[in-house]
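Printed here is structure-v6.pdb (PDB, C-alpha atoms, pLDDT in the B column):
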```pdb
ATOM      1  CA  ASN A   1     139.512 143.499 121.316  1.00 73.00           C
ATOM      2  CA  ALA A   2     141.314 146.652 120.221  1.00 84.00           C
ATOM      3  CA  GLY A   3     142.593 145.070 117.060  1.00 95.00           C
ATOM      4  CA  VAL A   4     146.143 145.449 115.802  1.00 98.00           C
ATOM      5  CA  ILE A   5     147.625 148.615 117.261  1.00 98.00           C
ATOM      6  CA  GLN A   6     150.274 150.589 115.409  1.00 98.00           C
ATOM      7  CA  THR A   7     152.191 153.582 116.683  1.00 98.00           C
ATOM      8  CA  PRO A   8     152.816 156.263 115.717  1.00 98.00           C
ATOM      9  CA  ARG A   9     150.040 156.846 113.198  1.00 97.00           C
ATOM     10  CA  HIS A  10     152.103 159.477 111.396  1.00 98.00           C
ATOM     11  CA  LYS A  11     155.843 160.029 111.329  1.00 98.00           C
ATOM     12  CA  VAL A  12     157.922 162.586 109.499  1.00 98.00           C
ATOM     13  CA  THR A  13     161.668 162.054 109.302  1.00 98.00           C
ATOM     14  CA  GLY A  14     164.471 163.879 107.595  1.00 97.00           C
ATOM     15  CA  LYS A  15     166.429 162.128 104.883  1.00 98.00           C
ATOM     16  CA  GLY A  16     169.155 160.009 106.480  1.00 97.00           C
ATOM     17  CA  GLN A  17     167.440 159.706 109.861  1.00 98.00           C
ATOM     18  CA  GLU A  18     166.233 156.494 111.471  1.00 98.00           C
ATOM     19  CA  ALA A  19     162.567 155.558 111.858  1.00 98.00           C
ATOM     20  CA  THR A  20     161.153 152.926 114.193  1.00 98.00           C
ATOM     21  CA  LEU A  21     157.592 151.734 113.793  1.00 98.00           C
ATOM     22  CA  TRP A  22     155.736 149.771 116.464  1.00 98.00           C
ATOM     23  CA  CYS A  23     153.069 147.119 116.291  1.00 98.00           C
ATOM     24  CA  GLU A  24     151.013 145.309 118.923  1.00 98.00           C
ATOM     25  CA  PRO A  25     149.260 142.277 117.417  1.00 97.00           C
ATOM     26  CA  ILE A  26     145.900 140.984 118.533  1.00 97.00           C
ATOM     27  CA  SER A  27     146.304 139.014 121.745  1.00 95.00           C
ATOM     28  CA  GLY A  28     146.615 135.321 121.055  1.00 93.00           C
ATOM     29  CA  HIS A  29     147.642 135.723 117.437  1.00 94.00           C
ATOM     30  CA  SER A  30     150.799 133.803 116.617  1.00 92.00           C
ATOM     31  CA  ALA A  31     151.562 135.271 113.191  1.00 94.00           C
ATOM     32  CA  VAL A  32     152.614 138.885 112.642  1.00 96.00           C
ATOM     33  CA  PHE A  33     153.126 140.484 109.243  1.00 96.00           C
ATOM     34  CA  TRP A  34     154.539 143.755 107.950  1.00 98.00           C
ATOM     35  CA  TYR A  35     153.385 145.273 104.656  1.00 98.00           C
ATOM     36  CA  ARG A  36     154.059 148.550 102.871  1.00 98.00           C
ATOM     37  CA  GLN A  37     151.487 150.357 100.732  1.00 98.00           C
ATOM     38  CA  THR A  38     152.093 153.019  98.103  1.00 97.00           C
ATOM     39  CA  ILE A  39     150.028 154.252  95.189  1.00 94.00           C
ATOM     40  CA  VAL A  40     152.601 153.030  92.673  1.00 93.00           C
ATOM     41  CA  GLN A  41     153.597 149.648  94.145  1.00 93.00           C
ATOM     42  CA  GLY A  42     150.367 148.753  95.904  1.00 95.00           C
ATOM     43  CA  LEU A  43     150.397 146.541  98.988  1.00 97.00           C
ATOM     44  CA  GLU A  44     153.786 144.838  99.253  1.00 96.00           C
ATOM     45  CA  PHE A  45     154.740 142.064 101.648  1.00 96.00           C
ATOM     46  CA  LEU A  46     157.829 142.799 103.729  1.00 97.00           C
ATOM     47  CA  THR A  47     158.271 140.145 106.412  1.00 97.00           C
ATOM     48  CA  TYR A  48     156.519 137.881 108.886  1.00 94.00           C
ATOM     49  CA  PHE A  49     156.991 136.126 112.200  1.00 95.00           C
ATOM     50  CA  ARG A  50     155.394 133.015 113.596  1.00 93.00           C
ATOM     51  CA  ASN A  51     155.536 132.550 117.375  1.00 94.00           C
ATOM     52  CA  GLN A  52     158.100 135.398 117.448  1.00 95.00           C
ATOM     53  CA  ALA A  53     160.477 133.582 115.086  1.00 95.00           C
ATOM     54  CA  PRO A  54     161.283 135.222 111.729  1.00 95.00           C
ATOM     55  CA  ILE A  55     159.880 133.048 108.945  1.00 92.00           C
ATOM     56  CA  ASP A  56     160.097 134.987 105.704  1.00 93.00           C
ATOM     57  CA  ASP A  57     161.773 138.345 105.080  1.00 94.00           C
ATOM     58  CA  SER A  58     161.878 138.037 101.312  1.00 93.00           C
ATOM     59  CA  GLY A  59     160.167 141.406 100.823  1.00 94.00           C
ATOM     60  CA  MET A  60     162.516 143.414 103.000  1.00 95.00           C
ATOM     61  CA  PRO A  61     164.973 145.793 101.337  1.00 92.00           C
ATOM     62  CA  LYS A  62     168.153 144.196 102.597  1.00 86.00           C
ATOM     63  CA  GLU A  63     170.393 147.032 103.599  1.00 90.00           C
ATOM     64  CA  ARG A  64     168.397 149.473 105.670  1.00 96.00           C
ATOM     65  CA  PHE A  65     165.317 147.625 106.869  1.00 98.00           C
ATOM     66  CA  SER A  66     165.100 145.304 109.865  1.00 97.00           C
ATOM     67  CA  ALA A  67     162.258 143.828 111.884  1.00 98.00           C
ATOM     68  CA  GLN A  68     162.164 142.229 115.281  1.00 97.00           C
ATOM     69  CA  MET A  69     159.670 140.580 117.568  1.00 97.00           C
ATOM     70  CA  PRO A  70     161.194 140.520 121.052  1.00 95.00           C
ATOM     71  CA  ASN A  71     158.009 139.224 122.692  1.00 94.00           C
ATOM     72  CA  GLN A  72     154.549 138.028 121.682  1.00 93.00           C
ATOM     73  CA  SER A  73     152.953 141.417 122.280  1.00 95.00           C
ATOM     74  CA  HIS A  74     154.997 143.638 120.037  1.00 96.00           C
ATOM     75  CA  SER A  75     157.029 143.898 116.876  1.00 98.00           C
ATOM     76  CA  THR A  76     159.142 146.703 115.489  1.00 98.00           C
ATOM     77  CA  LEU A  77     160.168 147.713 111.987  1.00 98.00           C
ATOM     78  CA  LYS A  78     163.283 149.836 111.834  1.00 98.00           C
ATOM     79  CA  ILE A  79     164.422 151.791 108.805  1.00 98.00           C
ATOM     80  CA  GLN A  80     167.920 153.224 108.924  1.00 97.00           C
ATOM     81  CA  SER A  81     169.087 156.165 106.849  1.00 97.00           C
ATOM     82  CA  THR A  82     165.585 156.839 105.514  1.00 98.00           C
ATOM     83  CA  GLN A  83     165.183 157.910 101.902  1.00 97.00           C
ATOM     84  CA  PRO A  84     162.299 159.718 100.186  1.00 97.00           C
ATOM     85  CA  GLN A  85     161.338 156.467  98.417  1.00 96.00           C
ATOM     86  CA  ASP A  86     160.658 154.911 101.847  1.00 97.00           C
ATOM     87  CA  SER A  87     157.644 157.213 102.198  1.00 98.00           C
ATOM     88  CA  ALA A  88     154.616 154.929 102.424  1.00 98.00           C
ATOM     89  CA  VAL A  89     151.959 153.581 104.745  1.00 98.00           C
ATOM     90  CA  TYR A  90     153.416 150.702 106.733  1.00 98.00           C
ATOM     91  CA  LEU A  91     150.812 148.183 107.783  1.00 98.00           C
ATOM     92  CA  CYS A  92     151.186 145.583 110.494  1.00 98.00           C
ATOM     93  CA  ALA A  93     148.846 142.599 110.535  1.00 97.00           C
ATOM     94  CA  SER A  94     148.280 139.497 112.615  1.00 96.00           C
ATOM     95  CA  SER A  95     146.450 136.195 112.416  1.00 94.00           C
ATOM     96  CA  LEU A  96     145.716 133.252 114.675  1.00 91.00           C
ATOM     97  CA  GLU A  97     148.085 131.111 112.689  1.00 76.00           C
ATOM     98  CA  THR A  98     149.472 131.066 109.209  1.00 60.00           C
ATOM     99  CA  ALA A  99     147.914 129.491 106.123  1.00 67.00           C
ATOM    100  CA  ASN A 100     144.138 129.700 105.796  1.00 79.00           C
ATOM    101  CA  THR A 101     143.144 132.025 108.612  1.00 86.00           C
ATOM    102  CA  GLU A 102     142.018 135.620 108.323  1.00 91.00           C
ATOM    103  CA  VAL A 103     144.687 138.290 108.516  1.00 94.00           C
ATOM    104  CA  PHE A 104     143.692 141.443 110.440  1.00 96.00           C
ATOM    105  CA  PHE A 105     145.377 144.732 109.608  1.00 97.00           C
ATOM    106  CA  GLY A 106     146.217 147.651 111.842  1.00 98.00           C
ATOM    107  CA  LYS A 107     145.472 151.242 110.840  1.00 97.00           C
ATOM    108  CA  GLY A 108     149.011 151.753 109.635  1.00 98.00           C
ATOM    109  CA  THR A 109     151.813 154.238 110.134  1.00 98.00           C
ATOM    110  CA  ARG A 110     152.170 156.889 107.447  1.00 98.00           C
ATOM    111  CA  LEU A 111     155.886 157.581 107.067  1.00 98.00           C
ATOM    112  CA  THR A 112     156.955 160.697 105.237  1.00 98.00           C
ATOM    113  CA  VAL A 113     160.639 161.257 104.526  1.00 98.00           C
ATOM    114  CA  VAL A 114     161.489 164.875 103.694  1.00 97.00           C
TER     115      VAL A 114
ATOM    116  CA  GLN B   1     156.701 140.677  88.067  1.00 54.00           C
ATOM    117  CA  GLN B   2     153.321 140.936  89.775  1.00 61.00           C
ATOM    118  CA  LYS B   3     152.179 137.403  90.657  1.00 91.00           C
ATOM    119  CA  VAL B   4     148.580 138.424  91.312  1.00 97.00           C
ATOM    120  CA  GLN B   5     146.886 140.348  88.530  1.00 97.00           C
ATOM    121  CA  GLN B   6     143.585 142.139  88.957  1.00 98.00           C
ATOM    122  CA  SER B   7     141.260 143.608  86.374  1.00 97.00           C
ATOM    123  CA  PRO B   8     139.901 146.061  85.675  1.00 98.00           C
ATOM    124  CA  GLU B   9     142.031 148.743  87.345  1.00 97.00           C
ATOM    125  CA  SER B  10     138.944 150.821  87.936  1.00 98.00           C
ATOM    126  CA  LEU B  11     135.231 150.301  87.524  1.00 98.00           C
ATOM    127  CA  ILE B  12     132.209 152.575  87.672  1.00 98.00           C
ATOM    128  CA  VAL B  13     128.855 150.931  88.365  1.00 98.00           C
ATOM    129  CA  PRO B  14     125.460 152.603  88.817  1.00 98.00           C
ATOM    130  CA  GLU B  15     123.777 152.201  92.184  1.00 98.00           C
ATOM    131  CA  GLY B  16     121.790 148.989  92.185  1.00 98.00           C
ATOM    132  CA  GLY B  17     123.913 147.460  89.449  1.00 98.00           C
ATOM    133  CA  MET B  18     126.267 144.460  89.364  1.00 98.00           C
ATOM    134  CA  ALA B  19     130.023 144.853  89.825  1.00 98.00           C
ATOM    135  CA  SER B  20     132.348 142.099  88.603  1.00 98.00           C
ATOM    136  CA  LEU B  21     136.015 142.022  89.550  1.00 98.00           C
ATOM    137  CA  ASN B  22     138.664 139.565  88.368  1.00 98.00           C
ATOM    138  CA  CYS B  23     141.886 138.166  89.773  1.00 98.00           C
ATOM    139  CA  THR B  24     144.443 135.631  88.518  1.00 97.00           C
ATOM    140  CA  SER B  25     147.566 134.212  90.102  1.00 96.00           C
ATOM    141  CA  SER B  26     150.581 133.233  88.027  1.00 94.00           C
ATOM    142  CA  ASP B  27     152.036 131.226  90.937  1.00 90.00           C
ATOM    143  CA  ARG B  28     151.000 127.544  90.703  1.00 88.00           C
ATOM    144  CA  ASN B  29     151.792 127.068  94.398  1.00 87.00           C
ATOM    145  CA  VAL B  30     148.789 129.108  95.476  1.00 90.00           C
ATOM    146  CA  ASP B  31     146.065 127.335  97.439  1.00 89.00           C
ATOM    147  CA  TYR B  32     143.938 130.087  98.992  1.00 93.00           C
ATOM    148  CA  PHE B  33     142.361 133.258  97.656  1.00 95.00           C
ATOM    149  CA  TRP B  34     141.161 136.236  99.610  1.00 96.00           C
ATOM    150  CA  TRP B  35     139.227 139.387  98.804  1.00 98.00           C
ATOM    151  CA  TYR B  36     139.856 142.449 100.942  1.00 98.00           C
ATOM    152  CA  ARG B  37     138.096 145.785 100.801  1.00 98.00           C
ATOM    153  CA  GLN B  38     139.836 149.046 101.658  1.00 98.00           C
ATOM    154  CA  HIS B  39     137.860 152.246 102.031  1.00 98.00           C
ATOM    155  CA  SER B  40     139.751 155.476 101.482  1.00 95.00           C
ATOM    156  CA  GLY B  41     142.055 156.255 104.393  1.00 94.00           C
ATOM    157  CA  LYS B  42     141.287 152.966 106.132  1.00 96.00           C
ATOM    158  CA  SER B  43     143.061 149.640 106.472  1.00 96.00           C
ATOM    159  CA  PRO B  44     142.153 146.578 104.382  1.00 97.00           C
ATOM    160  CA  LYS B  45     139.420 144.339 105.827  1.00 97.00           C
ATOM    161  CA  MET B  46     138.679 140.823 104.676  1.00 96.00           C
ATOM    162  CA  LEU B  47     135.509 140.495 102.689  1.00 97.00           C
ATOM    163  CA  MET B  48     135.523 136.875 101.588  1.00 96.00           C
ATOM    164  CA  SER B  49     137.832 133.919 101.210  1.00 94.00           C
ATOM    165  CA  ILE B  50     137.610 130.896  98.952  1.00 95.00           C
ATOM    166  CA  PHE B  51     139.728 127.769  98.985  1.00 92.00           C
ATOM    167  CA  SER B  52     137.813 125.237  96.855  1.00 91.00           C
ATOM    168  CA  ASN B  53     136.578 125.177  93.295  1.00 94.00           C
ATOM    169  CA  GLY B  54     133.159 126.610  92.842  1.00 95.00           C
ATOM    170  CA  GLU B  55     131.115 129.426  94.246  1.00 97.00           C
ATOM    171  CA  LYS B  56     130.516 130.967  97.642  1.00 96.00           C
ATOM    172  CA  GLU B  57     127.781 133.505  98.419  1.00 97.00           C
ATOM    173  CA  GLU B  58     127.438 135.845 101.375  1.00 96.00           C
ATOM    174  CA  GLY B  59     124.601 138.321 101.089  1.00 97.00           C
ATOM    175  CA  ARG B  60     125.153 140.545  98.049  1.00 98.00           C
ATOM    176  CA  PHE B  61     128.648 139.159  97.474  1.00 98.00           C
ATOM    177  CA  THR B  62     129.535 136.064  95.449  1.00 98.00           C
ATOM    178  CA  VAL B  63     133.006 134.670  94.879  1.00 98.00           C
ATOM    179  CA  HIS B  64     133.967 132.131  92.214  1.00 98.00           C
ATOM    180  CA  LEU B  65     137.176 130.112  92.034  1.00 97.00           C
ATOM    181  CA  ASN B  66     138.642 128.006  89.257  1.00 96.00           C
ATOM    182  CA  LYS B  67     141.721 126.340  90.732  1.00 94.00           C
ATOM    183  CA  ALA B  68     142.863 124.921  87.397  1.00 94.00           C
ATOM    184  CA  SER B  69     143.258 128.413  85.975  1.00 95.00           C
ATOM    185  CA  LEU B  70     143.974 130.055  89.361  1.00 95.00           C
ATOM    186  CA  HIS B  71     141.276 132.577  88.598  1.00 97.00           C
ATOM    187  CA  THR B  72     138.849 134.069  91.062  1.00 98.00           C
ATOM    188  CA  SER B  73     136.141 136.642  90.614  1.00 98.00           C
ATOM    189  CA  LEU B  74     134.070 138.742  92.975  1.00 98.00           C
ATOM    190  CA  HIS B  75     130.551 139.832  92.081  1.00 98.00           C
ATOM    191  CA  ILE B  76     128.598 142.442  93.970  1.00 98.00           C
ATOM    192  CA  ARG B  77     124.904 142.689  93.199  1.00 98.00           C
ATOM    193  CA  ASP B  78     122.639 145.599  94.086  1.00 98.00           C
ATOM    194  CA  SER B  79     125.725 147.798  94.497  1.00 98.00           C
ATOM    195  CA  GLN B  80     125.500 150.570  97.086  1.00 97.00           C
ATOM    196  CA  PRO B  81     127.476 153.832  97.361  1.00 97.00           C
ATOM    197  CA  SER B  82     129.098 152.378 100.502  1.00 97.00           C
ATOM    198  CA  ASP B  83     130.629 149.664  98.285  1.00 98.00           C
ATOM    199  CA  SER B  84     132.868 152.330  96.712  1.00 98.00           C
ATOM    200  CA  ALA B  85     136.383 151.264  97.748  1.00 98.00           C
ATOM    201  CA  LEU B  86     139.602 149.614  96.620  1.00 98.00           C
ATOM    202  CA  TYR B  87     139.115 145.855  96.276  1.00 98.00           C
ATOM    203  CA  LEU B  88     142.269 143.826  96.812  1.00 98.00           C
ATOM    204  CA  CYS B  89     142.699 140.217  95.782  1.00 98.00           C
ATOM    205  CA  ALA B  90     145.324 138.182  97.630  1.00 96.00           C
ATOM    206  CA  ALA B  91     146.704 134.671  97.294  1.00 95.00           C
ATOM    207  CA  SER B  92     148.590 132.425  99.683  1.00 91.00           C
ATOM    208  CA  GLY B  93     150.096 128.987  99.533  1.00 86.00           C
ATOM    209  CA  TYR B  94     149.528 125.914 101.663  1.00 80.00           C
ATOM    210  CA  ASN B  95     151.140 126.476 105.062  1.00 73.00           C
ATOM    211  CA  GLN B  96     152.400 129.835 103.832  1.00 76.00           C
ATOM    212  CA  GLY B  97     151.206 132.698 105.934  1.00 78.00           C
ATOM    213  CA  LYS B  98     152.022 135.618 103.716  1.00 87.00           C
ATOM    214  CA  LEU B  99     149.400 137.086 101.435  1.00 92.00           C
ATOM    215  CA  ILE B 100     150.524 138.355  98.039  1.00 94.00           C
ATOM    216  CA  PHE B 101     148.239 141.138  96.886  1.00 97.00           C
ATOM    217  CA  GLY B 102     147.263 142.356  93.466  1.00 97.00           C
ATOM    218  CA  GLN B 103     147.247 146.046  92.598  1.00 97.00           C
ATOM    219  CA  GLY B 104     143.542 146.309  93.313  1.00 97.00           C
ATOM    220  CA  THR B 105     140.390 147.420  91.521  1.00 98.00           C
ATOM    221  CA  LYS B 106     139.016 150.827  92.411  1.00 98.00           C
ATOM    222  CA  LEU B 107     135.236 150.520  92.425  1.00 98.00           C
ATOM    223  CA  SER B 108     133.020 153.590  92.310  1.00 98.00           C
ATOM    224  CA  ILE B 109     129.268 153.314  92.701  1.00 98.00           C
ATOM    225  CA  LYS B 110     127.388 156.220  91.119  1.00 96.00           C
ATOM    226  CA  PRO B 111     124.112 157.211  92.821  1.00 92.00           C
TER     227      PRO B 111
END
```

Taking this structure as input, can you express it in the form of C-alpha cells?
Amino acid sequence: NAGVIQTPRHKVTGKGQEATLWCEPISGHSAVFWYRQTIVQGLEFLTYFRNQAPIDDSGMPKERFSAQMPNQSHSTLKIQSTQPQDSAVYLCASSLETANTEVFFGKGTRLTVV
Amino acid sequence: QQKVQQSPESLIVPEGGMASLNCTSSDRNVDYFWWYRQHSGKSPKMLMSIFSNGEKEEGRFTVHLNKASLHTSLHIRDSQPSDSALYLCAASGYNQGKLIFGQGTKLSIKP
C-alpha cells in the first residue's frame, strides 16, 4: 500500500499561470478530500468526493479553483490565474468511507506562486 | 470564525513529563473527534479518535471527551523528544466526511 500519492511534490508557477495538482487515493477508498495548509490559516478544508461524485465544495474559492474526479483512481485540483496568496501546501486525503473512518493524507504538493 | 479551537498554541514540556492539549468545537452538529500529529515537513497522521463520552487510552496517550461541552483533551505521559510535533484536533459530523481542523498546538519536548 503506497498510501495517497500526490504529484508533483513541488510546483512553482508565475502569477497568472494555471496549476494542476494530481492525487491518487488509496485503492478501495471511496472518499477523497482536498485540503490546503498555510502557517496563517492552518489546515483548511477545500472539497470532497464520495464514489467520484462531488459532495461538498464549501471550502473552495469560487472563481479560480476547481476539482474533478474522473475515475476512482485519481483526482485533480486546478487553480487558474494563480495568485501569490494561493501559495500553500495542498494535501489530498482519502478514506474507506465518510463519517467515522480514518482519513489518510498524502505528502502534499507545495505550490509557490512567484 | 474558527469552529474548532485548540489551546494552548504552543507548549514546552520536559522529557518524561505530561503534556495536556485541549480542543473545543463550537458546532453542535459535531459527533466525532480526531487527534492528528504532524511532524515538521510531514503530512498529518491520525493518532487517536474518540466518539463517545469518557476516556480512551492507547499506550502513553489518553483522550477524554465531554460531548455536552464538545470538549476533548489529549494527554501524553512520559513525553519523548519524538513527540515534538504539531498536534491537530479535528471534528466531523454524523455522516459528514469532512474534518474541520483547529489551528493546532505546537508541542516541544525538551531533553

| message | When the ChimeraX specification (/A :<12) & /B is applied to the structure above, which residues does it catch, written out as a PyMOL selection string? | response | chain B and resi 1-6+9+30-52+86-106

Output file for the residues above (C-alpha atoms, as a PDB file, in the coordinates of the input):
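New file part.pdb:
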```pdb
ATOM      1  CA  GLN B   1     156.701 140.677  88.067  1.00 54.00           C
ATOM      2  CA  GLN B   2     153.321 140.936  89.775  1.00 61.00           C
ATOM      3  CA  LYS B   3     152.179 137.403  90.657  1.00 91.00           C
ATOM      4  CA  VAL B   4     148.580 138.424  91.312  1.00 97.00           C
ATOM      5  CA  GLN B   5     146.886 140.348  88.530  1.00 97.00           C
ATOM      6  CA  GLN B   6     143.585 142.139  88.957  1.00 98.00           C
ATOM      7  CA  GLU B   9     142.031 148.743  87.345  1.00 97.00           C
ATOM      8  CA  VAL B  30     148.789 129.108  95.476  1.00 90.00           C
ATOM      9  CA  ASP B  31     146.065 127.335  97.439  1.00 89.00           C
ATOM     10  CA  TYR B  32     143.938 130.087  98.992  1.00 93.00           C
ATOM     11  CA  PHE B  33     142.361 133.258  97.656  1.00 95.00           C
ATOM     12  CA  TRP B  34     141.161 136.236  99.610  1.00 96.00           C
ATOM     13  CA  TRP B  35     139.227 139.387  98.804  1.00 98.00           C
ATOM     14  CA  TYR B  36     139.856 142.449 100.942  1.00 98.00           C
ATOM     15  CA  ARG B  37     138.096 145.785 100.801  1.00 98.00           C
ATOM     16  CA  GLN B  38     139.836 149.046 101.658  1.00 98.00           C
ATOM     17  CA  HIS B  39     137.860 152.246 102.031  1.00 98.00           C
ATOM     18  CA  SER B  40     139.751 155.476 101.482  1.00 95.00           C
ATOM     19  CA  GLY B  41     142.055 156.255 104.393  1.00 94.00           C
ATOM     20  CA  LYS B  42     141.287 152.966 106.132  1.00 96.00           C
ATOM     21  CA  SER B  43     143.061 149.640 106.472  1.00 96.00           C
ATOM     22  CA  PRO B  44     142.153 146.578 104.382  1.00 97.00           C
ATOM     23  CA  LYS B  45     139.420 144.339 105.827  1.00 97.00           C
ATOM     24  CA  MET B  46     138.679 140.823 104.676  1.00 96.00           C
ATOM     25  CA  LEU B  47     135.509 140.495 102.689  1.00 97.00           C
ATOM     26  CA  MET B  48     135.523 136.875 101.588  1.00 96.00           C
ATOM     27  CA  SER B  49     137.832 133.919 101.210  1.00 94.00           C
ATOM     28  CA  ILE B  50     137.610 130.896  98.952  1.00 95.00           C
ATOM     29  CA  PHE B  51     139.728 127.769  98.985  1.00 92.00           C
ATOM     30  CA  SER B  52     137.813 125.237  96.855  1.00 91.00           C
ATOM     31  CA  LEU B  86     139.602 149.614  96.620  1.00 98.00           C
ATOM     32  CA  TYR B  87     139.115 145.855  96.276  1.00 98.00           C
ATOM     33  CA  LEU B  88     142.269 143.826  96.812  1.00 98.00           C
ATOM     34  CA  CYS B  89     142.699 140.217  95.782  1.00 98.00           C
ATOM     35  CA  ALA B  90     145.324 138.182  97.630  1.00 96.00           C
ATOM     36  CA  ALA B  91     146.704 134.671  97.294  1.00 95.00           C
ATOM     37  CA  SER B  92     148.590 132.425  99.683  1.00 91.00           C
ATOM     38  CA  GLY B  93     150.096 128.987  99.533  1.00 86.00           C
ATOM     39  CA  TYR B  94     149.528 125.914 101.663  1.00 80.00           C
ATOM     40  CA  ASN B  95     151.140 126.476 105.062  1.00 73.00           C
ATOM     41  CA  GLN B  96     152.400 129.835 103.832  1.00 76.00           C
ATOM     42  CA  GLY B  97     151.206 132.698 105.934  1.00 78.00           C
ATOM     43  CA  LYS B  98     152.022 135.618 103.716  1.00 87.00           C
ATOM     44  CA  LEU B  99     149.400 137.086 101.435  1.00 92.00           C
ATOM     45  CA  ILE B 100     150.524 138.355  98.039  1.00 94.00           C
ATOM     46  CA  PHE B 101     148.239 141.138  96.886  1.00 97.00           C
ATOM     47  CA  GLY B 102     147.263 142.356  93.466  1.00 97.00           C
ATOM     48  CA  GLN B 103     147.247 146.046  92.598  1.00 97.00           C
ATOM     49  CA  GLY B 104     143.542 146.309  93.313  1.00 97.00           C
ATOM     50  CA  THR B 105     140.390 147.420  91.521  1.00 98.00           C
ATOM     51  CA  LYS B 106     139.016 150.827  92.411  1.00 98.00           C
TER      52      LYS B 106
END
```

| request: Given the file shown, enumerate the residues that the PyMOL selection byres ((chain A and resi 111) around 12) captures and present them as a ChimeraX atom specification. | output: /A:7-15,18-21,36-38,77-79,82-91,108-110,112-114

| query | Evaluating the PyMOL selection byres ((chain A and resi 2) around 10) on the displayed file yields which residues, as a PyMOL selection string? | reply | chain A and resi 1+3-5+24-27+106

| said: Report, in Å to a single decimal, how far apart CA of Ser25 (chain B) and CA of Asp78 (chain B) are. | reply: 27.7 Å

| message | So that I can see what lies close to Val13 (chain B), please list as a PyMOL selection string the residues with an atom at most 7 Å from it, counting only C-alpha atoms and leaving out residues fewer than 3 positions away in the same chain. | response | chain B and resi 17+19+108-110

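The residues that lie within 9 Å of the point (168.4, 148.8, 105.0), counting all atoms listed in the file, are A:Met60, A:Pro61, A:Lys62, A:Glu63, A:Arg64, A:Phe65, A:Ser66, A:Lys78, A:Ile79, A:Gln80, A:Ser81, A:Thr82.
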
| query | Quick one: distance from CA of Pro111 (chain B) to CA of Glu15 (chain B) in Å, one decimal? | reply |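 Distance between the two atoms: 5.1 Å.
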
| field | Straight-line distance linking CA of Pro54 (chain A) with CA of His74 (chain A), stated in Å to one decimal | value |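 It comes out at 13.4 Å.
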
| task | For Thr72 (chain B), list every protein, DNA or RNA residue within 9 Å, evaluated using all atoms listed in the file, and leave out those in the same chain fewer than 3 positions away; present the list as a PyMOL selection string. | result | chain B and resi 21-25+33+50+63-67+69+89

Write out, as an mmCIF file, keeping the file's coordinate frame, the residues just selected, with C-alpha atoms.
```
data_model
loop_
_atom_site.group_PDB
_atom_site.id
_atom_site.type_symbol
_atom_site.label_atom_id
_atom_site.label_comp_id
_atom_site.auth_asym_id
_atom_site.auth_seq_id
_atom_site.Cartn_x
_atom_site.Cartn_y
_atom_site.Cartn_z
ATOM 1 C CA LEU B 21 136.015 142.022 89.550
ATOM 2 C CA ASN B 22 138.664 139.565 88.368
ATOM 3 C CA CYS B 23 141.886 138.166 89.773
ATOM 4 C CA THR B 24 144.443 135.631 88.518
ATOM 5 C CA SER B 25 147.566 134.212 90.102
ATOM 6 C CA PHE B 33 142.361 133.258 97.656
ATOM 7 C CA ILE B 50 137.610 130.896 98.952
ATOM 8 C CA VAL B 63 133.006 134.670 94.879
ATOM 9 C CA HIS B 64 133.967 132.131 92.214
ATOM 10 C CA LEU B 65 137.176 130.112 92.034
ATOM 11 C CA ASN B 66 138.642 128.006 89.257
ATOM 12 C CA LYS B 67 141.721 126.340 90.732
ATOM 13 C CA SER B 69 143.258 128.413 85.975
ATOM 14 C CA CYS B 89 142.699 140.217 95.782
#
```
